[in-house]
Amino acid sequence: MFLKRKIDEINSTSSQNSGKTKTQTIRESFEHRITAWPTESSEYQVRQDSVIEMIVNTSYPMVLLDQPSFRKMIKTLDPKFKLPGSATLNKRINERFLRQSAQLKDLINHTRKVTICLDGWTKKGLTASFLGVSACFYDTTIDKTRHAFLNLMELQHPHTGEMLAECLKKCLDQWGIRENQVMLIVSDNGSNMVKAIRLLQEVHAAKKSDESESYEFESDESESYEFESDESEHETDEEEIQSQSEQTDLFLPDHIPYRRMPCMAHTLQLLIKPVYEHYSATILETRQVVSRIRKSSVAIEKLIDKCGKSVITDCTSRWNSTYQMIDRLLKIKTSVNEVLTETGIDTFKASEWVRLQNISSLLEPFAVQTDILQTDAQSLSQVLPPILNLECHLQEYPTNKSLTANLLEDLRQRFQSILQPDSDTFNPLPSAACLLDPTVAVFILTPEMDILLHAANMYIIKVCGVE
């Protein structure tokens with residue numbers, strides 16, 4: 001208290017003796033003194049890591065860090081934190097990437113099984129194409145599943161199966177993923193994707209046939225194996241593999257290297273193409289009406305004023321977009337009819353609205369299951385129930401029996417590797433996963449699923465080594 005009183009007296013005297021120029025008092029000097037966090041301090045590291053997290057998670061450009069307004073904002077939030085420049089933070093991000101990549105590689109190497117996912121993407125205008133590779137696995141350290149993005153590789157034209165197979169093999173080697181670790185490879189149904197995975201299986205079979213020799217992706221002249229482009233040879237090899245698999249219908253080996261599984265969501269979208277063809281005239285007219293509305297600012301404004309929503313267009317490359325276009329029309333049917341009448345645009349007839357309702361009710365379960373299957377949170381046990389639900393939906397659908405009968409036959413054909421244990425391509429993993437998952441096991445425990453239940457039991461017994 002004595003010291004504080006003396007400081008106040010000195011400050012008071014200094015203020016009285018000051019002339020036109022105001023002298024900073026001792027108290028003001030202490031209050032306004034700001035010392036920046038040392039770069040090696042934990043406080044500084046926490047704030048720097050927070051900025052790095054923001055850049056990584058939002059994909060904002062690094063030049064944002066050099067903007068005066070952004071730096072001013074950071075200084076306002078914490079005057080003691082001196083924000084590094086973009087070059088320094090870019091270096092820190094690269095260091096963090098290398099460190100976490102090494103951690104992920106070590107984690108994958110200690111993982112028992114990994115599912116590889118492949119997908120291709122082409123830039124607008126066909127100026128560049130890329131192959132994305134990701135891995136799904138169970139992390140025992142946290143008792144949770146992980147989905148890690150491994151590589152994004154630019155592809156040169158043409159996108160042959162040989163090129164895709166070579167890219168995939170390089171990716172697996174880069175991350176140290178062994179052949180016996182790969183439980184499944186999930187891809188779309190493109191012929192080049194199917195061929196790429198088949199080529200990996202052939203190379204693996206070649207290695208197993210002669211353990212003393214080293215096989216690489218080289219030309220025939222060097223007496224080693226590569227991704228051949230001769231379709232006739234591949235067809236012969238494929239027939240040999242199929243003939244071998246015929247002997248192991250319900251007694252598949254514990255592990256089949258590079259076993260392929262088609263993308264479920266993509267397969268469902270291929271399955272419903274006949275619906276679009278069957279109702280092509282109605283869908284074409286629907287697109288034309290939607291296009292007229294969207295081209296009229298008056299119609300759009302009236303529609304939003306009436307129902308708070310607008311019409312949406314479909315896109316051939318966007319899943320469920322045709323269903324969503326029709327579903328939106330049906331939801332705002334009254335407002336659409338009023339706006340079309342007021343603006344002089346030809347509206348739908350009563351029979352056309354009925355056809356739109358039929359299309360919507362037929363496609364809705366497919367749209368729902370597609371949205372569910374394409375999420376990262378789904379496990380292999382969730383594969384079988386959606387197919388069985390759609391099978392039941394097609395069997396019980398009241399109208400268009402000929403169309404639904406064809407769809408049902410196509411569904412069973414496309415998913416025979418999951419639904420039919422007597423198929424040469426049968427994969428028991430989805431059935432076994434469904435049986436072991438208490439949340440969906442009821443689907444396979446019904447009397448109608450006895451064959452799948454038997455196949456699942458046989459596979460689990462064989463994997464566990466139970467006599």
# chains A, B, ... in the order shown; residues from 1 in each chain; ligands from 1
$ residues_around --residues "His393 in chain A" --least-positions-apart "4" --cutoff "9 Å" --atoms "only C-alpha atoms" --output "PyMOL selection string"
chain A and resi 362+365+388-389+397
$ write_last_selection --atoms "C-alpha atoms" --output "PDB file, in the first residue's frame"
ATOM      1  CA  LEU A 362     -40.553 -45.671 -57.494  1.00  0.00           C
ATOM      2  CA  PRO A 365     -36.182 -45.678 -51.887  1.00  0.00           C
ATOM      3  CA  LEU A 388     -32.880 -56.463 -49.354  1.00  0.00           C
ATOM      4  CA  ASN A 389     -35.048 -53.387 -48.713  1.00  0.00           C
ATOM      5  CA  TYR A 397     -44.608 -51.903 -55.897  1.00  0.00           C
TER       6      TYR A 397
END
$ closest_atom_pairs --of "range 376-425 of chain A" --to "range 118-139 of chain A" --cutoff "12 Å" --atoms "only C-alpha atoms" --output "Markdown table"
| residue | atom | partner | partner_atom | distance |
| --- | --- | --- | --- | --- |
| A:Asp376 | CA | A:Cys136 | CA | 9.1 |
| A:Ala377 | CA | A:Cys136 | CA | 10.4 |
| A:Gln378 | CA | A:Cys136 | CA | 10.6 |
| A:Ser379 | CA | A:Cys136 | CA | 9.6 |
| A:Leu380 | CA | A:Cys136 | CA | 10.7 |
$ write_last_selection --atoms "C-alpha atoms" --output "short mmCIF file (atom, residue, chain, number, x, y, z; two decimals), in the first residue's frame"
data_model
loop_
_atom_site.label_atom_id
_atom_site.label_comp_id
_atom_site.auth_asym_id
_atom_site.auth_seq_id
_atom_site.Cartn_x
_atom_site.Cartn_y
_atom_site.Cartn_z
CA ASP A 376 -18.17 -42.32 -44.81
CA ALA A 377 -19.88 -43.59 -41.66
CA GLN A 378 -21.17 -46.78 -43.28
CA SER A 379 -19.55 -50.13 -42.57
CA LEU A 380 -19.57 -53.35 -44.55
#
$ residues_around --residues "range 409-419 of chain A" --least-positions-apart "4" --cutoff "8 Å" --atoms "only C-alpha atoms" --output "compact mmCIF listing (two decimals) with N, CA and C atoms, in the first residue's frame"
# COMPACT_ATOMS: atom_id res chain seq x y z
N THR A 267 -23.64 -48.46 -58.40
CA THR A 267 -24.40 -49.56 -59.00
C THR A 267 -25.89 -49.30 -58.95
N LEU A 271 -28.62 -49.08 -61.97
CA LEU A 271 -29.79 -49.94 -61.94
C LEU A 271 -31.06 -49.20 -62.34
N LEU A 384 -25.75 -55.22 -47.06
CA LEU A 384 -26.83 -56.16 -47.38
C LEU A 384 -28.23 -55.61 -47.10
N GLU A 391 -35.10 -54.79 -52.81
CA GLU A 391 -35.71 -55.99 -53.40
C GLU A 391 -37.16 -56.12 -52.96
N ALA A 405 -40.40 -55.67 -62.54
CA ALA A 405 -39.89 -57.04 -62.67
C ALA A 405 -38.51 -57.03 -63.33
N SER A 423 -23.14 -68.24 -56.73
CA SER A 423 -22.51 -67.51 -57.83
C SER A 423 -20.99 -67.69 -57.77
N ASP A 424 -20.36 -67.70 -58.94
CA ASP A 424 -18.91 -67.85 -59.01
C ASP A 424 -18.20 -66.65 -58.37
N THR A 425 -18.87 -65.50 -58.37
CA THR A 425 -18.25 -64.28 -57.85
C THR A 425 -18.72 -63.94 -56.45
N PHE A 426 -19.34 -64.90 -55.76
CA PHE A 426 -19.92 -64.60 -54.44
C PHE A 426 -18.86 -64.12 -53.45
N ASN A 427 -19.21 -63.08 -52.72
CA ASN A 427 -18.34 -62.51 -51.70
C ASN A 427 -19.05 -62.64 -50.35
N PRO A 428 -18.56 -63.47 -49.44
CA PRO A 428 -19.28 -63.70 -48.18
C PRO A 428 -19.06 -62.61 -47.13
N PRO A 430 -19.90 -59.29 -46.89
CA PRO A 430 -21.05 -58.51 -46.45
C PRO A 430 -22.02 -59.30 -45.58
N SER A 431 -22.27 -60.56 -45.94
CA SER A 431 -23.18 -61.38 -45.13
C SER A 431 -22.60 -61.64 -43.75
N LEU A 452 -27.86 -67.37 -47.24
CA LEU A 452 -26.85 -66.37 -46.90
C LEU A 452 -26.32 -66.57 -45.48
$ select_by_dssp --residues "range 55-299 of chain A" --states "strand (DSSP E or B)" --output "PyMOL selection string"
chain A and resi 114-122+129-139+144-155+182-187+260-262
$ residues_around --residues "Ile108 in chain A" --least-positions-apart "4" --cutoff "10 Å" --atoms "only C-alpha atoms" --output "PyMOL selection string"
chain A and resi 102-104+112-114+135-139+148+175-178+181
$ write_last_selection --atoms "all heavy atoms" --output "compact mmCIF listing (two decimals), in the first residue's frame"
# COMPACT_ATOMS: atom_id res chain seq x y z
N ALA A 102 3.84 -39.84 -41.90
CA ALA A 102 4.62 -40.92 -41.32
C ALA A 102 3.84 -41.64 -40.22
O ALA A 102 3.88 -42.87 -40.12
CB ALA A 102 5.94 -40.36 -40.76
N GLN A 103 3.09 -40.88 -39.43
CA GLN A 103 2.26 -41.49 -38.38
C GLN A 103 1.16 -42.36 -38.99
O GLN A 103 0.88 -43.45 -38.51
CB GLN A 103 1.66 -40.40 -37.50
CG GLN A 103 2.68 -39.62 -36.69
CD GLN A 103 2.07 -38.44 -35.95
OE1 GLN A 103 0.88 -38.15 -36.09
NE2 GLN A 103 2.87 -37.78 -35.14
N LEU A 104 0.54 -41.85 -40.07
CA LEU A 104 -0.52 -42.61 -40.74
C LEU A 104 0.04 -43.89 -41.37
O LEU A 104 -0.58 -44.95 -41.28
CB LEU A 104 -1.20 -41.75 -41.81
CG LEU A 104 -2.28 -42.43 -42.65
CD1 LEU A 104 -3.43 -42.92 -41.77
CD2 LEU A 104 -2.80 -41.48 -43.73
N ARG A 112 -4.58 -54.68 -39.35
CA ARG A 112 -4.72 -56.05 -39.86
C ARG A 112 -5.28 -56.05 -41.28
O ARG A 112 -4.74 -56.73 -42.16
CB ARG A 112 -5.63 -56.86 -38.94
CG ARG A 112 -5.80 -58.32 -39.34
CD ARG A 112 -6.53 -59.11 -38.29
NE ARG A 112 -6.80 -60.45 -38.74
CZ ARG A 112 -7.92 -60.81 -39.36
NH1 ARG A 112 -8.87 -59.91 -39.58
NH2 ARG A 112 -8.12 -62.06 -39.74
N LYS A 113 -6.38 -55.32 -41.52
CA LYS A 113 -7.01 -55.30 -42.83
C LYS A 113 -7.34 -53.87 -43.25
O LYS A 113 -7.69 -53.04 -42.41
CB LYS A 113 -8.29 -56.14 -42.85
CG LYS A 113 -8.07 -57.64 -42.67
CD LYS A 113 -7.32 -58.24 -43.85
CE LYS A 113 -7.12 -59.74 -43.67
NZ LYS A 113 -6.38 -60.33 -44.81
N VAL A 114 -7.23 -53.62 -44.55
CA VAL A 114 -7.49 -52.29 -45.10
C VAL A 114 -8.40 -52.43 -46.32
O VAL A 114 -8.21 -53.35 -47.13
CB VAL A 114 -6.18 -51.59 -45.51
CG1 VAL A 114 -6.47 -50.22 -46.12
CG2 VAL A 114 -5.26 -51.44 -44.32
N ALA A 135 -8.18 -45.05 -48.01
CA ALA A 135 -8.12 -46.31 -47.27
C ALA A 135 -9.04 -46.24 -46.06
O ALA A 135 -9.08 -45.22 -45.37
CB ALA A 135 -6.69 -46.60 -46.81
N CYS A 136 -9.78 -47.30 -45.83
CA CYS A 136 -10.63 -47.43 -44.65
C CYS A 136 -10.10 -48.58 -43.80
O CYS A 136 -9.82 -49.66 -44.33
CB CYS A 136 -12.09 -47.70 -45.05
SG CYS A 136 -12.84 -46.41 -46.06
N PHE A 137 -9.99 -48.34 -42.51
CA PHE A 137 -9.49 -49.39 -41.62
C PHE A 137 -9.95 -49.10 -40.20
O PHE A 137 -10.45 -48.01 -39.89
CB PHE A 137 -7.96 -49.47 -41.67
CG PHE A 137 -7.26 -48.18 -41.32
CD1 PHE A 137 -6.84 -47.92 -40.03
CD2 PHE A 137 -7.03 -47.22 -42.29
CE1 PHE A 137 -6.21 -46.74 -39.70
CE2 PHE A 137 -6.39 -46.02 -41.98
CZ PHE A 137 -5.98 -45.78 -40.67
N TYR A 138 -9.79 -50.10 -39.35
CA TYR A 138 -10.19 -49.98 -37.95
C TYR A 138 -8.97 -49.67 -37.11
O TYR A 138 -7.99 -50.42 -37.12
CB TYR A 138 -10.87 -51.27 -37.46
CG TYR A 138 -11.45 -51.15 -36.08
CD1 TYR A 138 -12.67 -50.52 -35.87
CD2 TYR A 138 -10.79 -51.68 -34.97
CE1 TYR A 138 -13.21 -50.42 -34.61
CE2 TYR A 138 -11.32 -51.57 -33.70
CZ TYR A 138 -12.54 -50.94 -33.53
OH TYR A 138 -13.06 -50.82 -32.27
N ASP A 139 -9.04 -48.57 -36.40
CA ASP A 139 -7.94 -48.13 -35.55
C ASP A 139 -8.16 -48.67 -34.14
O ASP A 139 -9.04 -48.21 -33.41
CB ASP A 139 -7.87 -46.60 -35.54
CG ASP A 139 -6.63 -46.08 -34.80
OD1 ASP A 139 -5.90 -46.90 -34.23
OD2 ASP A 139 -6.42 -44.85 -34.81
N ALA A 148 -8.89 -42.55 -44.49
CA ALA A 148 -7.75 -41.68 -44.79
C ALA A 148 -7.56 -41.55 -46.29
O ALA A 148 -7.63 -42.54 -47.04
CB ALA A 148 -6.48 -42.25 -44.16
N TRP A 175 2.70 -46.46 -49.42
CA TRP A 175 2.19 -46.48 -48.06
C TRP A 175 2.49 -47.78 -47.33
O TRP A 175 2.04 -47.98 -46.20
CB TRP A 175 0.69 -46.22 -48.06
CG TRP A 175 0.37 -44.80 -48.40
CD1 TRP A 175 0.11 -44.28 -49.63
CD2 TRP A 175 0.31 -43.70 -47.49
NE1 TRP A 175 -0.11 -42.93 -49.55
CE2 TRP A 175 0.00 -42.55 -48.24
CE3 TRP A 175 0.48 -43.58 -46.10
CZ2 TRP A 175 -0.14 -41.29 -47.64
CZ3 TRP A 175 0.33 -42.34 -45.52
CH2 TRP A 175 0.03 -41.21 -46.29
N GLY A 176 3.22 -48.67 -47.98
CA GLY A 176 3.62 -49.92 -47.33
C GLY A 176 2.47 -50.86 -47.06
O GLY A 176 2.50 -51.63 -46.10
N ILE A 177 1.45 -50.81 -47.92
CA ILE A 177 0.28 -51.69 -47.75
C ILE A 177 0.56 -53.02 -48.45
O ILE A 177 0.76 -53.07 -49.66
CB ILE A 177 -0.98 -51.04 -48.32
CG1 ILE A 177 -1.26 -49.72 -47.60
CG2 ILE A 177 -2.18 -51.97 -48.20
CD1 ILE A 177 -2.45 -48.96 -48.16
N ARG A 178 0.58 -54.08 -47.69
CA ARG A 178 0.91 -55.40 -48.21
C ARG A 178 -0.31 -56.04 -48.88
O ARG A 178 -1.45 -55.67 -48.61
CB ARG A 178 1.42 -56.30 -47.08
CG ARG A 178 2.63 -55.73 -46.34
CD ARG A 178 3.06 -56.63 -45.20
NE ARG A 178 2.01 -56.80 -44.20
CZ ARG A 178 1.78 -55.93 -43.21
NH1 ARG A 178 2.51 -54.82 -43.11
NH2 ARG A 178 0.82 -56.15 -42.33
N GLN A 181 -2.90 -57.48 -46.67
CA GLN A 181 -3.64 -56.50 -45.87
C GLN A 181 -4.91 -56.04 -46.56
O GLN A 181 -5.85 -55.61 -45.90
CB GLN A 181 -2.77 -55.27 -45.58
CG GLN A 181 -1.85 -55.38 -44.38
CD GLN A 181 -1.18 -54.06 -44.09
OE1 GLN A 181 -0.30 -53.62 -44.80
NE2 GLN A 181 -1.63 -53.40 -43.04
$ residues_around --residues "Leu65 in chain A" --least-positions-apart "6" --cutoff "7 Å" --atoms "only C-alpha atoms" --output "PDB file with C-alpha atoms, in the first residue's frame"
ATOM      1  CA  ARG A  71      -3.135  -9.512 -39.531  1.00  0.00           C
ATOM      2  CA  GLY A  85       4.183 -14.758 -42.651  1.00  0.00           C
ATOM      3  CA  SER A  86       2.752 -17.060 -45.293  1.00  0.00           C
TER       4      SER A  86
END
$ select_by_dssp --residues "range 60-127 of chain A" --states "helix (DSSP H, G or I)" --output "PyMOL selection string"
chain A and resi 62-66+68-77+86-109
$ write_last_selection --atoms "C-alpha atoms" --output "short mmCIF file (atom, residue, chain, number, x, y, z; two decimals), in the first residue's frame"
data_model
loop_
_atom_site.label_atom_id
_atom_site.label_comp_id
_atom_site.auth_asym_id
_atom_site.auth_seq_id
_atom_site.Cartn_x
_atom_site.Cartn_y
_atom_site.Cartn_z
CA MET A 62 -1.91 -18.75 -47.97
CA VAL A 63 -1.93 -15.14 -49.23
CA LEU A 64 -4.72 -14.50 -46.71
CA LEU A 65 -2.08 -14.54 -43.97
CA ASP A 66 -0.31 -11.56 -45.55
CA PRO A 68 -3.19 -6.33 -43.61
CA SER A 69 -6.82 -6.66 -42.50
CA PHE A 70 -6.32 -10.29 -41.45
CA ARG A 71 -3.14 -9.51 -39.53
CA LYS A 72 -4.90 -6.59 -37.87
CA MET A 73 -7.70 -8.91 -36.77
CA ILE A 74 -5.22 -11.38 -35.25
CA LYS A 75 -3.44 -8.55 -33.45
CA THR A 76 -6.75 -7.28 -32.08
CA LEU A 77 -7.69 -10.73 -30.78
CA SER A 86 2.75 -17.06 -45.29
CA ALA A 87 6.17 -18.51 -46.19
CA THR A 88 6.87 -19.53 -42.59
CA LEU A 89 3.43 -21.07 -42.09
CA ASN A 90 3.64 -22.87 -45.42
CA LYS A 91 6.86 -24.46 -44.21
CA ARG A 92 5.18 -25.45 -40.93
CA ILE A 93 2.27 -27.01 -42.84
CA ASN A 94 4.65 -29.08 -44.97
CA GLU A 95 6.49 -30.25 -41.86
CA ARG A 96 3.19 -31.19 -40.26
CA PHE A 97 2.09 -33.03 -43.41
CA LEU A 98 5.26 -35.13 -43.48
CA ARG A 99 5.03 -35.86 -39.76
CA GLN A 100 1.38 -36.92 -39.89
CA SER A 101 1.94 -38.92 -43.10
CA ALA A 102 4.62 -40.92 -41.32
CA GLN A 103 2.26 -41.49 -38.38
CA LEU A 104 -0.52 -42.61 -40.74
CA LYS A 105 1.83 -44.97 -42.58
CA ASP A 106 2.91 -46.54 -39.31
CA LEU A 107 -0.72 -46.87 -38.24
CA ILE A 108 -1.69 -48.55 -41.51
CA ASN A 109 1.28 -50.91 -41.33
#
$ residues_around --residues "Asn337 in chain A" --least-positions-apart "3" --cutoff "8 Å" --atoms "only C-alpha atoms" --output "PyMOL selection string"
chain A and resi 333-334+340-341+347-348
$ closest_residue --among "A:Val336, A:Leu284, A:Cys434, A:Met153" --to "Asp314 in chain A" --atoms "only C-alpha atoms"
A:Leu284
$ closest_residue --among "A:Gln369, A:Gln156, A:Asn457, A:Thr39" --to "Asn320 in chain A" --atoms "only C-alpha atoms"
A:Gln369
$ residues_around --residues "Ile460 in chain A" --least-positions-apart "4" --cutoff "8 Å" --atoms "only C-alpha atoms" --output "list in words"
Ala432, Ala456 and Cys464 of chain A
$ write_last_selection --atoms "all heavy atoms" --output "PDB file, in the first residue's frame"
ATOM      1  N   ALA A 432     -21.307 -61.950 -43.699  1.00  0.00           N
ATOM      2  CA  ALA A 432     -20.667 -62.210 -42.409  1.00  0.00           C
ATOM      3  C   ALA A 432     -20.665 -60.955 -41.543  1.00  0.00           C
ATOM      4  O   ALA A 432     -20.921 -61.020 -40.333  1.00  0.00           O
ATOM      5  CB  ALA A 432     -19.241 -62.698 -42.629  1.00  0.00           C
ATOM      6  N   ALA A 456     -22.468 -67.119 -44.479  1.00  0.00           N
ATOM      7  CA  ALA A 456     -21.799 -66.259 -43.500  1.00  0.00           C
ATOM      8  C   ALA A 456     -21.175 -67.090 -42.386  1.00  0.00           C
ATOM      9  O   ALA A 456     -20.033 -66.839 -41.973  1.00  0.00           O
ATOM     10  CB  ALA A 456     -22.794 -65.250 -42.933  1.00  0.00           C
ATOM     11  N   CYS A 464     -11.930 -67.945 -38.565  1.00  0.00           N
ATOM     12  CA  CYS A 464     -11.536 -68.128 -37.155  1.00  0.00           C
ATOM     13  C   CYS A 464     -10.752 -69.415 -36.940  1.00  0.00           C
ATOM     14  O   CYS A 464     -10.209 -69.632 -35.853  1.00  0.00           O
ATOM     15  CB  CYS A 464     -12.775 -68.126 -36.261  1.00  0.00           C
ATOM     16  SG  CYS A 464     -13.634 -66.532 -36.224  1.00  0.00           S
TER      17      CYS A 464
END
$ closest_residue --among "A:Lys208, A:Asp173, A:Thr141, A:Glu162" --to "Asn192 in chain A" --atoms "only C-alpha atoms"
A:Glu162
$ closest_residue --among "A:Ala165, A:Cys171, A:Met261, A:Ile372" --to "Ile185 in chain A" --atoms "only C-alpha atoms"
A:Met261
$ atom_distance --atom1 "CA of Thr282 in chain A" --atom2 "CA of Thr399 in chain A"
16.6 Å
$ closest_residue --among "A:Gln395, A:Gln67, A:Thr160, A:Gln374" --to "Leu408 in chain A" --atoms "only C-alpha atoms"
A:Gln395
